[in-house]
Structures are given as structure tokens and as C-alpha cells.
Amino acid sequence: MPQSNMNPPAASGMTPVRFITVNGEQHSPPEDPRTTLLDFLREQLDLTGTKKGCDQGQCGACTVLVNGTRINACLTLAIMHVGDEVTTVEGLGKPDALHPLQRAFVTHDGYQCGYCTPGQICSVIGALAEIDRGVPSHVTGDLSAPMITTRLEMRERMSGNICRCGAYSNIQDAIAEFVGEPR
Amino acid sequence: MRFDEPALRNPIDDLTVFGRPVARIEGPLKVTGAARYAYERTELGKAAYGVVVGAAIPKGRIRAIDRTAALASPGVLGVITTLDHDRLPTADMCAATLFGGDVIQHHHQAMAVVVADTFEQARAASRLLSVTYERAEGRFVLADEEPRAEAAPDTENGGPDAPDIDVVGDFEAAFRAALVRLEQTYTTPYESPAMMEPHASMAAWQGDHVTIWTSNQMVNWAVRDIPRALGIPAENVRVLSPYVGGGFGAKLFIRCDVVLAALAARALGRPVKVTLHRPVIFNNTSHRSATIQRIRLAAGSDGKLTGISHRGLSGNLPGGLAEMATSQTKLLYAAPNREIGMRMATLDLPESNFMRAPGEAPGLMALEVAMDEMAEKLAMDPIAFRILNDTPVDPHVPNRRFSERHLAECLRVGAERFGWSARQARPAGVRDGRWLVGMGVASAIRNAIPMSSGARVRLERSGRLTVETDMTDIGTGTYTILAQTAAEMLGVTPADVGVTLGDSNLPRAAGSGGQWGAANATGGVFAACVKLREAIAARLGFPAAQCTFADHHVRSGNDTTSLAEVAQRGELIGEDLIEFGDLGKRFQQSTFGAQFAEVGVDAFTGEIRVRRMLAVCDAGRIINPVTARSQVIGGMTMGIGAALMEDLGLDAKRGFFVNHDMAGYEVPVHADVPHLDVVLLDHPDALASPTKAKGIGELGMCGAAPAIANAVYNATGVRIRNYPITLDKLLHELPPLSAL
């Protein structure tokens with residue numbers, strides 16, 4: 001999974017950026033440099049939609065979007081994201097105003113216990129952005145052809161997001177509806 | 001309400017919303033991150049952070065723990081070690097010490113909890129404990145301990161007097177006399193539930209009362225076991241578990257996170273939360289035992305089984321439970337001569353305990369491969385062979401019929417839908433490019449377990465209904481099916497019903513485990529709704545028996561009143577408990593299924609890919625086909641894991657599971673799982689529950705793995721009898737490429 005860009009240098013003559021922007025709101029970075037982005041979101045901003053499943057980059061439950069790129073929030077320190085735009089599942093939609101992808105998960109029962117779900121949803125958005133940018137995957141056939149969002153592509157690209165309840169088949173149906181099969 | 005006669009027609013049978021596909025009512029909360037799990041609650045105030053330290057030896061004693069450096073570490077509020085307490089009593093049906101005392105029973109047993117203002121501080125300090133161990137020799141290898149194993153009678157089905165071995169007729173004589181015989185040994189590995197949400201608890205005390213938010217499948221067991229562990233009266237404990245991020249058995253019982261959060265919160269006088277970090281879960285908590293299973297089958301040339309012998313071995317700590325991998329064999333196929341039983345060896349590994357479909361999941365991984373092998377010996381189609389040996393009665397108690405049993409229909413419907421007729425009986429007979437392609441089938445059985453379950457249903461002044469119970473929703477769909485039950489009974493829609501779950505202050509329900517949740521909890525809500533209907537009728541002066549509830553109105557003859565009007569006159573409450581008589585003893589109540597799989601095996605590398613799967617399920621009335629189907633595909637997915645990858649690797653010298661994280665313990669991911677097809681047969685079971693439902697949460701896992709194993713054999717001609725079936729086991733046996 002690609003890492004986010006480091007902070008862009010502050011434009012000359014302007015004060016340096018000192019905030020981490022999360023779902024459009026600016027926050028001061030944590031005082032403790034050991035704080036992961038995940039724990040910053042969950043324990044300091046009370047944005048607990050981003051889940052901690054393993055805290056070591058193995059399960060994908062903490063997937064968030066940093067400047068539009070999906071990353072495991074447990075594998076990065078919050079202070080590395082001063083100047084970055086972080087989007088969590090709370091930034092996508094609300095229970096009474098769902099994002100179309102969130103609605104597709106509800107329609108297709110693309111979850112069970114719900115614990116991996118926010119990570120799955122953020123990961124889909126990140127993966128689709130990768131396809132839009134032409135980033136190939138292990139299963140991409142023709143690297144020179146325009147990239148197509150197939151189920152095979154999405155199964156491959158989503159494989160860093162574990163769902164132990166085994167909702168994969170339904171998650172793929174939800175993704176297919178969201179992207180409008182065939183895309 | 002006592003359920004001791006077959007269910008007659010009742011308001012549930014209108015099936016206006018019960019039995020219909022209804023999207024999860026808590027779904028919008030889950031997809032937006034608004035559903036809060038135990039570690040995320042804010043009701044108790046700002047909690048300090050506890051980090052658990054596990055023992056680094058598998059067996060022995062702790063001589064000393066030096067906490068000086070940890071206590072001096074910034075932000076640390078306290079360190080509680082196992083030497084500070086006597087051994088705390090364990091939960092019922094559990095063997096491993098949760099905390100307390102100097103005896104170490106297994107690797108990563110909780111030794112200490114380090115509490116600090118922040119997680120980072122607690123984590124850093126947790127590494128500063130200095131521990132002096134006295135290591136003892138341990139027993140870690142199941143096969144080595146077989147000579148010392150002891151009988152593990154099937155008390156769950158046979159009661160306290162269950163025999164060591166269930167015997168019918170004379171198996172040895174039948175085996176000697178049989179024209180066709182099979183004798184094989186199968187092994188299944190240690191498996192981990194590996195649910196996505198780690199064990200987590202948050203505790204706060206007010207005086208001598210403690211409130212605990214925890215991730216637990218069985219609230220009523222938790223409030224039984226927590227007071228015992230803490231040595232306080234039961235009424236001083238309140239447990240809340242409204243969202244559970246998966247359990248699969250791992251959260252049936254309290255684990256050390258609960259007691260450590262409570263002990264630390266009491267010692268520090270402030271709320272404390274504790275989660276088990278992922279690498280400690282696999283050895284600290286429970287897993288499914290490995291098994292060694294020996295199966296012998298005897299048949300005549302007509303394909304009728306004349307004898308079944310299924311003997312198994314599993315391991316556990318002293319006093320622990322066996323993995324009852326042979327029990328389902330008593331019920332699945334007819335044969336006049338039988339001997340079936342488990343033994344258990346004592347091991348010094350972490351605790352073995354229930355994991356999804358305990359018994360059946362590994363048991364069918366052996367039995368259903370043996371049936372495939374036997375069919376081949378008999379030159380019979382594996383489906384025809386299974387149907388020929390179907391039984392309408394419990395083969396060990398022939399006057400005891402099944403309440404409903406449609407195994408043969410499952411197999412036939414599945415064969416038609418899956419295109420079984422295209423299967424080549426000769427193995428390694430189908431090639432698709434570089435892939436060897438094969439199909440497999442397996443039967444599935446999992447019992448329905450009646451358990452009493454209570455609920456309260458309120459008709460609030462606003463006209464809204466609220467269901468209240470300590471029942472849990474572990475991803476199973478409980479919120480939704482209880483709303484459907486109340487909506488059907490009171491003639492409203494699920495959107496008109498609120499459901500409050502997982503609070504021990506609410507009526508005690510069956511809880512979630514053993515696929516008993518849905519049938520029993522909806523039964524409890526049914527009973528409460530009957531009471532509420534009576535209260536409504538009484539308020540209106542209607543004869544309760546003649547009232548109908550539909551379209552938000554109560555009708556009696558020509559009189560009609562809206563529920564809103566009834567509610568405006570004041571809240572009404574119905575509360576009751578469903579209790580079960582002896583129907584479950586007089587009739588064997590089970591669910592059945594047929595699993596089908598098609599796999600491709602790379603002819604060059606042995607890589608196995610599941611191409612298609614189908615499950616056909618006979619599980620009583622299906623309450624909600626959306627959530628029921630999800631339970632089944634989840635079980636099938638776990639079956640893919642069991643067949644092809646899941647394996648807790650044992651360090652036989654140091655006595656612990658080596659691959660104790662989500663990367664080393666491989667579970668299926670998106671790329672491993674094709675579209676999964678499910679057929680839910682409609683056979684309401686009037687003997688099982690008033691809603692005629694039976695439960696389906698574990699059935700979907702049963703038979704899934706052996707169907708894949710049989711498909712691998714059909715694809716390659718290589719029979720692997722030691723799970724998981726990985727390419728290294730196939731590679732040297734694959735057909736020569738020239739023969740393709």
C-alpha cells in the first residue's frame with residue numbers, strides 16, 4: 001500500500017502548517033510523538049469509527065485516507081501528518097445521510113459484526129482511486145490498457161482488509177453496485 | 001411461556017415481516033463508525049489505559065516480578081501483578097487461570113497489567129517489568145500424549161451418565177464381515193477464532209458496584225462469572241455488551257481483560273480500559289484443539305453402511321473440555337453397528353475451548369472425507385451414497401425421530417443447482433488450462449439447542465415499541481430479527497421497533513453461541529409480545545384470544561383501535577421468558593445442509609483456488625434470509641480457511657503457538673473467496689420453537705471444509721488427510737505433467 005506524501009513544505013513567507021486536518025477540521029498534533037495516527041483519531045479525537053484490529057498493519061481495520069491515499073493508520077505516527085488531510089469513515093457519511101458506498105454495504109449486507117467495516121469502506125475508496133490513477137495490481141492483465149474495475153481486481157486490491165465474519169462475497173456485491181458494474 | 005407442545009399456527013405465521021429480507025437495523029451505525037464497541041465507550045468517563053503482560057514460559061512458577069522501573073516510567077498509575085492476588089476462580093467450562101497466583105499454566109498467561117494515563121505510556125512501561133521464572137517441563141505434543149489420554153464422554157448429549165464410548169451392536173464383528181471397508185486416520189490442526197475486535201473491557205466502580213463494558217457473547221454468563229472472579233455479590237456487577245466485533249466462541253467466557261480492567265479500576269479508583277493486543281490473544285485466550293481422528297466404515301456391496309467407528313483425540317489443560325469431534329457421527333448416517341467416542345489428552349498449551357461449530361467443524365472434516373473415500377471404494381456417487389445411508393431416526397435411540405430432517409433434499413437440490421452431473425468421478429480428469437479442476441460435496445449437521453430466553457417489550461407513549469434483553473448481536477443479526485419478531489406480533493414494521501441489547505440489567509436471554517441465539521431469543525420476544533398483546537387487549541376490553549394486530553391497529557370483531565391511541569393512554573409492558581419442555585429430548589432437533597465446492601489446483605505449483613461454492617441449508621424457518629445467508633457465507637468462508645490455510649503452528653519445545661498474529665495465522669481474504677451461493681430451504685420446525693426457527697449460524701461452517709478437501713481430491717487424485725491442505729502437501733503427489 002503506498003504511503004502518503006510527506007508534508008509539503010510551507011509556502012515561502014507563510015507560517016508553517018501546524019495542523020492535522022481530519023474530516024475537514026483542523027487539530028493540533030499530539031504531544032506524545034509515539035502516538036500513532038490510529039490512536040490519535042480514536043483516543044484523542046474520539047473518532048472511534050476507525051478500528052484497531054491488530055495495531056501492526058496486518059488486518060486493515062484501521063484503514064483511513066490520507067490525502068486520498070489509503071493507509072493503515074496504525075503503522076504511521078500522527079505527527080507525520082501535520083499538513084495532511086485525513087478522511088475517516090465518519091467523514092464519508094452519517095447514519096441519516098449515508099455515502100452511496102455505505103448505503104451499498106447496508107443493501108448487500110456487506111458486514112456482520114461491523115468491526116472491519118469502516119476499514120473496508122475506506123479501503124474501497126482508496127483502491128478505486130488507485131485504479132483511476134492507473135496503479136496496477138498483481139492481477140492486472142494488460143499494464144498498457146486502460147484499467148478496468150473488475151471483481152477480480154477488487155478482490156485482489158481489498159485483500160489487506162480482513163473480514164473474519166466472512167462477508168467478502170457480499171462486500172464484493174456492494175462494491176459492484178457502487179462502481180456500477182461493469183465500470 | 002412454556003414451550004412443551006408443538007407450535008400451532010400463531011401470529012408469527014402471517015410472515016408480514018418475519019421471514020422476510022430486512023436490512024440490518026443497526027447497519028447505518030456500523031457503516032459510519034457510529035456503533036461503539038467496548039473500548040470506545042464514553043459513558044464511564046475518561047479511562048486510564050491498561051496493557052497486559054503475558055508470561056514468557058509455558059509452564060512453571062513466577063518467583064518474582066520487579067516493577068520498580070515500570071512504576072517510575074512517565075505516566076504510570078500502577079502495576080498489578082499476578083503475585084498480588086490469589087488465583088481468581090475461572091469461568092464455568094474454562095480451565096485456564098485468568099489471573100492470580102504464581103503458577104503459570106500456559107504461555108502468555110496474564111502476569112501483570114500496567115496502567116498509565118495514556119496508551120503509549122502504559123505500553124512503554126509494560127516492557128520494563130523484570131520477571132524471574134522457574135520453568136517446568138511441559139507436555140505439548142498431542143500425539144505423544146495419546147497413551148495417557150482419558151475418555152471424554154459426550155455429556156452434552158448424553159447427560160452426566162454418558163458412556164465413555166457410545167456403542168450400538170457389534171462394530172468389530174460387522175467390520176470383519178464387511179465386503180467393503182475403510183480405515184483411515186485424519187488430523188485437524190489447532191485453530192484460532194481470530195475475530196476482528198480484540199478482547200476489550202472498560203470498568204468503573206461506584207462504591208462496591210462495578211460497571212463493565214466488555215465484548216462478550218454471553219452477558220448472563222459474564223455476570224455469573226465476574227462476581228465469582230472478583231469475590232463480590234452478583235448484584236454488584238453490571239455488564240454491557242451492545243456491540244461485539246466477532247466472537248466465534250472466543251468471547252463466550254470472560255477473559256483476563258475483564259478482571260484486569262476491574263481490578264485495576266478498583267485499585268486506582270478511576271475507570272480503566274484494557275484490550276488484549278493482537279499478538280497476545282492467540283496464546284492468552286482460547287483456541288480450537290487439534291484432533292486426531294480414526295474412522296472405520298463397513299458396508300455391503302449395496303452401499304449400505306453396516307458399521308461406523310469414529311474415535312477421536314483432542315487435548316486441553318487439566319479440567320478443560322474436549323473438542324467433541326465425533327458426536328455428530330452418532331446422528332448423521334444409519335448403520336446397525338457403531339462405536340463412537342472421544343478421548344482427551346492433558347497438554348500444557350493455552351486453553352482449548354469452543355470455536356464456531358465446536359465438534360462438528362473438525363469432526364465433519366474427517367467423517368465427510370471418509371464418506372467420500374468409501375463412496376469411491378463402492379464405486380458409488382458420493383451423493384447417492386449419502387442419501388442411501390440417510391436416517392429418519394437417531395441411530396443410537398431408534399424410537400427418537402428427528403423433528404425435521406431434510407438432508408437428502410439438501411443434497412438433491414444442491415446437486416441440481418451446482419451442476420453435479422458434470423463431475424467426473426475419475427480424479428484428475430478435468431483440466432482447464434494450467435488448472436486441474438474438481439468438485440466435492442459434504443453433508444452438514446449441527447444441532448439446535450433450546451435454551452430459556454427472556455425479553456421485555458414496551459409500547460411507549462409515543463407509540464414506538466422497544467425490545468429490551470441482555471441478548472447480544474455478534475454480527476448475527478439479532479437486532480434486526482428481534483425487531484422483526486416484535487413487529488410481526490404487534491402488527492407494525494421493524495422501523496417502528498427499537499432494540500436495546502447486551503445490558504445485564506435487562507431480562508436475561510440465551511446469548512450468542514452454538515447457533516442457539518436466533519431461535520431462543522426470538523422465542524423470548526415472542527413470549528413477551530404475547531404478554532403485551534394481552535395487556536393491550538385488557539386495556540381496550542377486548543378478548544385477548546380474538547384480537548388481531550395488523551397495520552398499526554388492534555382489531556376485535558368490528559372494533560378497531562390504533563396502537564398509537566392505546567399508547568397515548570400510558571406505556572404498556574410485556575415481559576416473559578420462553579422455557580422449553582422435553583420436546584428436544586423426545587425429538588432430535590438438528591439443522592442440516594449440503595456443501596458443494598469446485599476448486600482449481602495449479603498443475604505446476606499445487607496452488608489451490610476455490611472457484612465456486614454452494615450451501616443448501618435446512619434450518620427450520622428462516623427468520624431473515626439476508627442475515628441468515630450472511631451467517632452461512634461467513635461459515636463457508638471460515639470453512640475455506642479450515643480446509644486450506646488455518647493452522648496454529650506449535651513450537652513443540654517451548655510450548656506455544658508461534659504464528660500468534662493476523663499475518664502469521666492465515667485466514668481467508670477477499671482474494672480467496674469467490675461468490676458464494678446459498679439456498680435456504682423452507683421447512684419450519686414446529687417442534688423447535690414458537691417461531692418454528694432453529695438457528696443457522698454454525699451450520700454454514702459444517703461440511704464446508706471437507707467439501708473443499710473432496711474437491712481437491714477430485715481435481716488431483718491426491719488425498720490429503722492432514723489439514724490444512726496446502727500446496728506443499730500436494731506438490732510431490734500431483735499427476736505427472738506429461739499425463740495431462
# chains A, B, ... in the order shown; residues from 1 in each chain; ligands from 1
$ residues_around --residues "segment 677-693 of chain B" --least-positions-apart "5" --cutoff "7 Å" --atoms "only C-alpha atoms" --output "PDB file with N, CA and C atoms, in the first residue's frame"
ATOM      1  N   PRO B   6     -45.945 -28.927  20.323  1.00  0.00           N
ATOM      2  CA  PRO B   6     -45.592 -28.373  19.006  1.00  0.00           C
ATOM      3  C   PRO B   6     -46.310 -27.036  18.762  1.00  0.00           C
ATOM      4  N   ALA B   7     -45.619 -26.118  18.135  1.00  0.00           N
ATOM      5  CA  ALA B   7     -46.211 -24.804  17.866  1.00  0.00           C
ATOM      6  C   ALA B   7     -47.376 -24.947  16.899  1.00  0.00           C
ATOM      7  N   ILE B  12     -46.963 -15.130  14.286  1.00  0.00           N
ATOM      8  CA  ILE B  12     -45.713 -15.111  13.515  1.00  0.00           C
ATOM      9  C   ILE B  12     -45.927 -15.666  12.116  1.00  0.00           C
ATOM     10  N   SER B 403     -36.992 -34.005  14.532  1.00  0.00           N
ATOM     11  CA  SER B 403     -38.164 -33.135  14.403  1.00  0.00           C
ATOM     12  C   SER B 403     -38.410 -32.818  12.936  1.00  0.00           C
ATOM     13  N   GLU B 404     -37.376 -32.410  12.264  1.00  0.00           N
ATOM     14  CA  GLU B 404     -37.399 -32.210  10.811  1.00  0.00           C
ATOM     15  C   GLU B 404     -36.015 -32.608  10.330  1.00  0.00           C
ATOM     16  N   ALA B 519     -33.112 -18.629  17.464  1.00  0.00           N
ATOM     17  CA  ALA B 519     -34.373 -19.306  17.751  1.00  0.00           C
ATOM     18  C   ALA B 519     -34.841 -19.015  19.178  1.00  0.00           C
ATOM     19  N   GLY B 523     -37.823 -16.482  20.405  1.00  0.00           N
ATOM     20  CA  GLY B 523     -38.842 -17.136  21.228  1.00  0.00           C
ATOM     21  C   GLY B 523     -39.158 -16.315  22.466  1.00  0.00           C
ATOM     22  N   LEU B 583     -39.475 -31.492  24.473  1.00  0.00           N
ATOM     23  CA  LEU B 583     -39.558 -31.789  23.031  1.00  0.00           C
ATOM     24  C   LEU B 583     -38.172 -32.057  22.439  1.00  0.00           C
ATOM     25  N   GLN B 589     -33.450 -32.497  17.513  1.00  0.00           N
ATOM     26  CA  GLN B 589     -33.620 -31.253  16.755  1.00  0.00           C
ATOM     27  C   GLN B 589     -32.271 -30.819  16.204  1.00  0.00           C
ATOM     28  N   MET B 613     -18.701 -22.129  -4.628  1.00  0.00           N
ATOM     29  CA  MET B 613     -19.237 -22.905  -3.511  1.00  0.00           C
ATOM     30  C   MET B 613     -20.740 -22.683  -3.425  1.00  0.00           C
ATOM     31  N   LEU B 614     -21.412 -23.709  -2.939  1.00  0.00           N
ATOM     32  CA  LEU B 614     -22.862 -23.643  -2.718  1.00  0.00           C
ATOM     33  C   LEU B 614     -23.167 -24.352  -1.412  1.00  0.00           C
ATOM     34  N   ALA B 615     -24.009 -23.733  -0.616  1.00  0.00           N
ATOM     35  CA  ALA B 615     -24.547 -24.409   0.565  1.00  0.00           C
ATOM     36  C   ALA B 615     -26.059 -24.446   0.454  1.00  0.00           C
ATOM     37  N   VAL B 616     -26.634 -25.612   0.687  1.00  0.00           N
ATOM     38  CA  VAL B 616     -28.092 -25.741   0.775  1.00  0.00           C
ATOM     39  C   VAL B 616     -28.406 -26.085   2.226  1.00  0.00           C
ATOM     40  N   CYS B 617     -29.268 -25.280   2.842  1.00  0.00           N
ATOM     41  CA  CYS B 617     -29.473 -25.397   4.287  1.00  0.00           C
ATOM     42  C   CYS B 617     -30.914 -25.715   4.631  1.00  0.00           C
ATOM     43  N   ASP B 618     -31.068 -26.629   5.553  1.00  0.00           N
ATOM     44  CA  ASP B 618     -32.367 -26.993   6.126  1.00  0.00           C
ATOM     45  C   ASP B 618     -32.270 -26.629   7.603  1.00  0.00           C
ATOM     46  N   GLY B 620     -34.882 -25.019   9.657  1.00  0.00           N
ATOM     47  CA  GLY B 620     -36.140 -24.519  10.194  1.00  0.00           C
ATOM     48  C   GLY B 620     -36.597 -23.287   9.427  1.00  0.00           C
ATOM     49  N   ARG B 621     -37.505 -22.534  10.049  1.00  0.00           N
ATOM     50  CA  ARG B 621     -37.955 -21.308   9.385  1.00  0.00           C
ATOM     51  C   ARG B 621     -36.808 -20.305   9.372  1.00  0.00           C
ATOM     52  N   ILE B 622     -36.590 -19.709   8.243  1.00  0.00           N
ATOM     53  CA  ILE B 622     -35.545 -18.692   8.127  1.00  0.00           C
ATOM     54  C   ILE B 622     -36.164 -17.352   8.526  1.00  0.00           C
ATOM     55  N   ILE B 623     -35.634 -16.757   9.585  1.00  0.00           N
ATOM     56  CA  ILE B 623     -36.235 -15.545  10.143  1.00  0.00           C
ATOM     57  C   ILE B 623     -35.994 -14.345   9.234  1.00  0.00           C
ATOM     58  N   ARG B 629     -28.403 -15.750   5.369  1.00  0.00           N
ATOM     59  CA  ARG B 629     -27.455 -16.023   4.288  1.00  0.00           C
ATOM     60  C   ARG B 629     -26.059 -15.551   4.675  1.00  0.00           C
TER      61      ARG B 629
END
$ interface_residues --of "chain B" --to "chain A" --cutoff "7 Å" --atoms "only C-alpha atoms" --output "JSON, numbers by chain"
{"B": [23, 27, 28, 29, 30, 31, 32, 33, 34, 40, 120, 195, 196, 197, 198, 244, 245, 246, 277, 278, 474, 475, 476, 630, 633, 634, 637, 638, 662, 663, 669, 670, 671, 673, 674, 675, 676]}
$ select_by_dssp --residues "segment 25-86 of chain A" --states "strand (DSSP E or B)" --output "list in words"
Glu25, Gln26, His27, Thr36, Thr63, Val64, Leu65, Val66, Thr69, Arg70, Ile71, Asn72, Leu77, Glu85 and Val86 of chain A
$ atom_distance --atom1 "atom CA of Val239 of chain B" --atom2 "atom CA of Glu43 of chain B"
12.9 Å
$ atom_distance --atom1 "atom CA of Asp170 of chain B" --atom2 "atom CA of Arg400 of chain B"
20.9 Å
$ select_by_dssp --residues "segment 18-119 of chain A" --states "alpha helix (DSSP H)" --output "PyMOL selection string"
chain A and resi 37-39+100-107+117-119
$ write_last_selection --atoms "N, CA and C atoms" --output "PDB file, in the first residue's frame"
ATOM      1  N   LEU A  37      -1.280   7.508  14.272  1.00  0.00           N
ATOM      2  CA  LEU A  37      -2.438   8.216  13.724  1.00  0.00           C
ATOM      3  C   LEU A  37      -3.721   7.544  14.213  1.00  0.00           C
ATOM      4  N   LEU A  38      -3.687   6.221  14.290  1.00  0.00           N
ATOM      5  CA  LEU A  38      -4.867   5.482  14.748  1.00  0.00           C
ATOM      6  C   LEU A  38      -5.258   5.878  16.168  1.00  0.00           C
ATOM      7  N   ASP A  39      -4.291   5.865  17.075  1.00  0.00           N
ATOM      8  CA  ASP A  39      -4.636   6.215  18.458  1.00  0.00           C
ATOM      9  C   ASP A  39      -4.972   7.699  18.601  1.00  0.00           C
ATOM     10  N   PRO A 100     -22.941   6.857  -0.751  1.00  0.00           N
ATOM     11  CA  PRO A 100     -23.501   5.762  -1.575  1.00  0.00           C
ATOM     12  C   PRO A 100     -22.820   4.418  -1.336  1.00  0.00           C
ATOM     13  N   LEU A 101     -21.537   4.432  -1.048  1.00  0.00           N
ATOM     14  CA  LEU A 101     -20.852   3.155  -0.772  1.00  0.00           C
ATOM     15  C   LEU A 101     -21.317   2.575   0.567  1.00  0.00           C
ATOM     16  N   GLN A 102     -21.516   3.433   1.542  1.00  0.00           N
ATOM     17  CA  GLN A 102     -22.039   2.959   2.831  1.00  0.00           C
ATOM     18  C   GLN A 102     -23.430   2.367   2.637  1.00  0.00           C
ATOM     19  N   ARG A 103     -24.242   3.037   1.807  1.00  0.00           N
ATOM     20  CA  ARG A 103     -25.593   2.526   1.551  1.00  0.00           C
ATOM     21  C   ARG A 103     -25.512   1.162   0.868  1.00  0.00           C
ATOM     22  N   ALA A 104     -24.564   1.016  -0.044  1.00  0.00           N
ATOM     23  CA  ALA A 104     -24.422  -0.270  -0.749  1.00  0.00           C
ATOM     24  C   ALA A 104     -24.024  -1.378   0.226  1.00  0.00           C
ATOM     25  N   PHE A 105     -23.212  -1.067   1.203  1.00  0.00           N
ATOM     26  CA  PHE A 105     -22.861  -2.067   2.229  1.00  0.00           C
ATOM     27  C   PHE A 105     -24.114  -2.485   3.003  1.00  0.00           C
ATOM     28  N   VAL A 106     -24.977  -1.532   3.332  1.00  0.00           N
ATOM     29  CA  VAL A 106     -26.203  -1.883   4.051  1.00  0.00           C
ATOM     30  C   VAL A 106     -27.100  -2.738   3.161  1.00  0.00           C
ATOM     31  N   THR A 107     -27.256  -2.319   1.908  1.00  0.00           N
ATOM     32  CA  THR A 107     -28.144  -3.040   0.982  1.00  0.00           C
ATOM     33  C   THR A 107     -27.696  -4.486   0.791  1.00  0.00           C
ATOM     34  N   THR A 117     -15.681  -3.042   9.107  1.00  0.00           N
ATOM     35  CA  THR A 117     -16.442  -2.355   8.068  1.00  0.00           C
ATOM     36  C   THR A 117     -15.910  -0.966   7.717  1.00  0.00           C
ATOM     37  N   PRO A 118     -15.639  -0.094   8.703  1.00  0.00           N
ATOM     38  CA  PRO A 118     -15.116   1.222   8.324  1.00  0.00           C
ATOM     39  C   PRO A 118     -13.823   1.125   7.508  1.00  0.00           C
ATOM     40  N   GLY A 119     -12.961   0.194   7.880  1.00  0.00           N
ATOM     41  CA  GLY A 119     -11.726  -0.004   7.124  1.00  0.00           C
ATOM     42  C   GLY A 119     -12.000  -0.503   5.719  1.00  0.00           C
TER      43      GLY A 119
END
$ atom_distance --atom1 "atom CA of Val141 of chain B" --atom2 "atom CA of Asp257 of chain B"
28.4 Å
$ closest_residue --among "A:Gly141, A:Gly68, A:Gly24, A:Gly180" --to "Ala127 of chain A" --atoms "only C-alpha atoms"
A:Gly68
$ closest_residue --among "B:Val437, B:Ala550, B:Ala594, B:Leu44" --to "Arg609 of chain B" --atoms "only C-alpha atoms"
B:Val437
$ residues_around --residues "Ser314 of chain B" --least-positions-apart "6" --cutoff "7 Å" --atoms "only C-alpha atoms" --output "JSON list (two decimals) with N, CA and C atoms, in the first residue's frame"
[["chain", "number", "residue", "atom", "x", "y", "z"],
["B", 289, "SER", "N", -8.97, -27.03, 19.74],
["B", 289, "SER", "CA", -7.92, -28.05, 19.81],
["B", 289, "SER", "C", -7.70, -28.72, 18.46],
["B", 290, "ALA", "N", -6.48, -29.13, 18.24],
["B", 290, "ALA", "CA", -6.20, -30.08, 17.17],
["B", 290, "ALA", "C", -6.91, -31.40, 17.50],
["B", 291, "THR", "N", -7.13, -32.20, 16.47],
["B", 291, "THR", "CA", -7.71, -33.53, 16.70],
["B", 291, "THR", "C", -6.96, -34.56, 15.87],
["B", 292, "ILE", "N", -6.99, -35.77, 16.38],
["B", 292, "ILE", "CA", -6.55, -36.94, 15.62],
["B", 292, "ILE", "C", -7.76, -37.87, 15.60],
["B", 322, "ALA", "N", -13.14, -31.34, 26.02],
["B", 322, "ALA", "CA", -12.65, -31.96, 24.80],
["B", 322, "ALA", "C", -13.32, -31.32, 23.59],
["B", 323, "GLU", "N", -12.66, -31.39, 22.45],
["B", 323, "GLU", "CA", -13.28, -30.98, 21.18],
["B", 323, "GLU", "C", -14.08, -32.18, 20.70],
["B", 343, "ARG", "N", -11.47, -39.04, 23.24],
["B", 343, "ARG", "CA", -10.58, -39.07, 24.39],
["B", 343, "ARG", "C", -9.88, -37.72, 24.46],
["B", 344, "MET", "N", -9.42, -37.40, 25.64],
["B", 344, "MET", "CA", -8.73, -36.13, 25.78],
["B", 344, "MET", "C", -7.39, -36.32, 26.48],
["B", 345, "ALA", "N", -6.38, -35.71, 25.90],
["B", 345, "ALA", "CA", -5.04, -35.76, 26.48],
["B", 345, "ALA", "C", -4.76, -34.44, 27.19]]
$ residues_around --residues "Ala415 of chain B" --least-positions-apart "2" --cutoff "12 Å" --atoms "only C-alpha atoms" --output "number ranges by chain"
B: 381-384, 408-413, 417-423, 439-443, 594-597, 613-616, 679
$ closest_atom_pairs --of "segment 471-531 of chain B" --to "segment 564-567 of chain B" --cutoff "12 Å" --atoms "only C-alpha atoms" --output "Markdown table"
| residue | atom | partner | partner_atom | distance |
| --- | --- | --- | --- | --- |
| B:Leu490 | CA | B:Ala564 | CA | 11.8 |
| B:Gly491 | CA | B:Ala564 | CA | 12.0 |
| B:Val492 | CA | B:Ala564 | CA | 10.9 |
| B:Asp496 | CA | B:Ala564 | CA | 11.3 |
$ residues_around --residues "segment 122-129 of chain B" --least-positions-apart "4" --cutoff "9 Å" --atoms "only C-alpha atoms" --output "list in words"
Tyr49, Gly50, Val51, Val52, Val53, Ile65, Asp66, Arg67, Thr68, Ala69, Ala70, Leu71, Ala72, Ser73, Pro74, Gly75, Val76, Leu77, Val79, Ala112, Val113, Val114, Val115, Ala116, Asp117 and Thr118 of chain B
$ decode --residues "segment 51-62 of chain A" --atoms "N, CA, C and O atoms" --output "compact mmCIF listing (two decimals), in the first residue's frame"
# COMPACT_ATOMS: atom_id res chain seq x y z
N LYS A 51 -11.03 1.49 13.35
CA LYS A 51 -10.91 0.41 14.33
C LYS A 51 -9.48 -0.09 14.49
O LYS A 51 -8.69 -0.06 13.55
N LYS A 52 -9.21 -0.58 15.68
CA LYS A 52 -7.92 -1.22 15.95
C LYS A 52 -8.14 -2.73 16.03
O LYS A 52 -8.70 -3.24 16.98
N GLY A 53 -7.68 -3.43 14.99
CA GLY A 53 -7.84 -4.88 14.98
C GLY A 53 -6.56 -5.59 15.35
O GLY A 53 -6.59 -6.67 15.95
N CYS A 54 -5.43 -5.02 14.97
CA CYS A 54 -4.17 -5.72 15.25
C CYS A 54 -3.06 -4.77 15.69
O CYS A 54 -2.12 -5.17 16.35
N ASP A 55 -3.15 -3.49 15.30
CA ASP A 55 -2.14 -2.48 15.68
C ASP A 55 -0.77 -2.79 15.10
O ASP A 55 0.23 -2.31 15.60
N GLN A 56 -0.75 -3.61 14.06
CA GLN A 56 0.55 -3.89 13.44
C GLN A 56 0.44 -4.12 11.92
O GLN A 56 1.23 -4.84 11.34
N GLY A 57 -0.55 -3.47 11.33
CA GLY A 57 -0.60 -3.45 9.87
C GLY A 57 -0.94 -4.75 9.20
O GLY A 57 -0.58 -4.98 8.04
N GLN A 58 -1.67 -5.61 9.90
CA GLN A 58 -1.95 -6.92 9.32
C GLN A 58 -3.42 -7.14 8.95
O GLN A 58 -3.74 -8.10 8.26
N CYS A 59 -4.32 -6.29 9.47
CA CYS A 59 -5.74 -6.63 9.31
C CYS A 59 -6.53 -5.60 8.50
O CYS A 59 -7.58 -5.92 7.97
N GLY A 60 -6.07 -4.36 8.44
CA GLY A 60 -6.75 -3.37 7.61
C GLY A 60 -7.91 -2.65 8.27
O GLY A 60 -8.51 -1.75 7.67
N ALA A 61 -8.26 -3.01 9.51
CA ALA A 61 -9.43 -2.40 10.16
C ALA A 61 -9.24 -0.90 10.38
O ALA A 61 -10.21 -0.17 10.52
N CYS A 62 -7.99 -0.44 10.39
CA CYS A 62 -7.72 0.98 10.68
C CYS A 62 -7.52 1.80 9.42
O CYS A 62 -7.02 2.93 9.49
